[in-house]
Amino acid sequence: MIILGTVMAIASGVALPGHMLLFGRVINEFVFHSIARALLSNQNSGVMVDQHFCASANSSRDMLTSNLLPYYNDTRNTLLERVGLFSLYYVAMATAVLFATFLATVFWNASAYRQTRRMRDAFYRSILRQDIGWFDVTEANELSTRLVE
Amino acid sequence: MSVLFISVFLLCYSLVLIIVCCIVCSDIEKIQSGIGDKVALFLQYFTTFLAGFVIGYATNWKLALVVSVMLPILTVMAATIAKVSIVEVCGVDIDAAICI
């Protein structure tokens, strides 16, 4: 049970950086949309945009060209579809985090309660086994308080 | 293998916590809160910390390296704020079970 709780806690911990990653991707979609609009509207200024992005590394240029293709066909609807897809990813991640956090809390609290109950059982059992003289020395009220709290 | 390691680590952590709590305080309630929900929260925040590092360096390691220069300053600031404000948050009883 502790192992499952650990896995759930780790899963819910990964969610927050995942949110940041998804947010970056969403911003990327808006940038691609504006680049496509600039390229399609005025061909002269389009060359300037291309040169600016060719200056960066090869991998980001491939990402740009492969991502711009759907925007050339249908600029507005592609943005809507892409951002809608990302919002669905957000919903999926949110439900996953909900279940993961709930299950992590449940498992860890259940295991803690079981351990505490075992501790209390052992305590009570050891008290019952003591000599009478021990009860003369120790206060009874203090014992019961220690047992419960 | 890593699952085994994690479980051993957690058992040792619980054991150490129990021993420490039995030395410091004699209330079983505090022990229960120490080995319960707080471990899950600790794991969650620790994983957020590590995953932030991993995702940052994997995506864009130069930018992540530049931002990592701020880390020692942030650590000192967080420690100072925690030390100064813990008496305000918990009151005089710092060992209370509710106070994280």
# chains A, B, ... in the order shown; residues from 1 in each chain; ligands from 1
$ interface_residues --of "chain A" --to "chain B" --cutoff "9 Å" --atoms "only C-alpha atoms" --output "ChimeraX atom specification"
/A:2-3,5-6,8-18,21,101,104-113,115-116,119-120,145-149
$ atom_distance --atom1 "CA of Phe123 (chain A)" --atom2 "CA of Thr138 (chain A)"
14.7 Å
$ atom_distance --atom1 "CA of Leu22 (chain A)" --atom2 "CA of Ala58 (chain B)"
14.7 Å
$ atom_distance --atom1 "CA of Tyr72 (chain A)" --atom2 "CA of Leu40 (chain A)"
7.4 Å
$ residues_around --residues "region 81-94 of chain A" --least-positions-apart "4" --cutoff "7 Å" --atoms "only C-alpha atoms" --output "list in words"
Val26, Asn77 and Leu98 of chain A
$ write_last_selection --atoms "C-alpha atoms" --output "PDB file, in the first residue's frame"
ATOM      1  CA  VAL A  26       0.000  26.266 -26.472  1.00  0.00           C
ATOM      2  CA  ASN A  77      -9.668  26.683 -37.863  1.00  0.00           C
ATOM      3  CA  LEU A  98      -7.248  14.390  -8.955  1.00  0.00           C
TER       4      LEU A  98
END
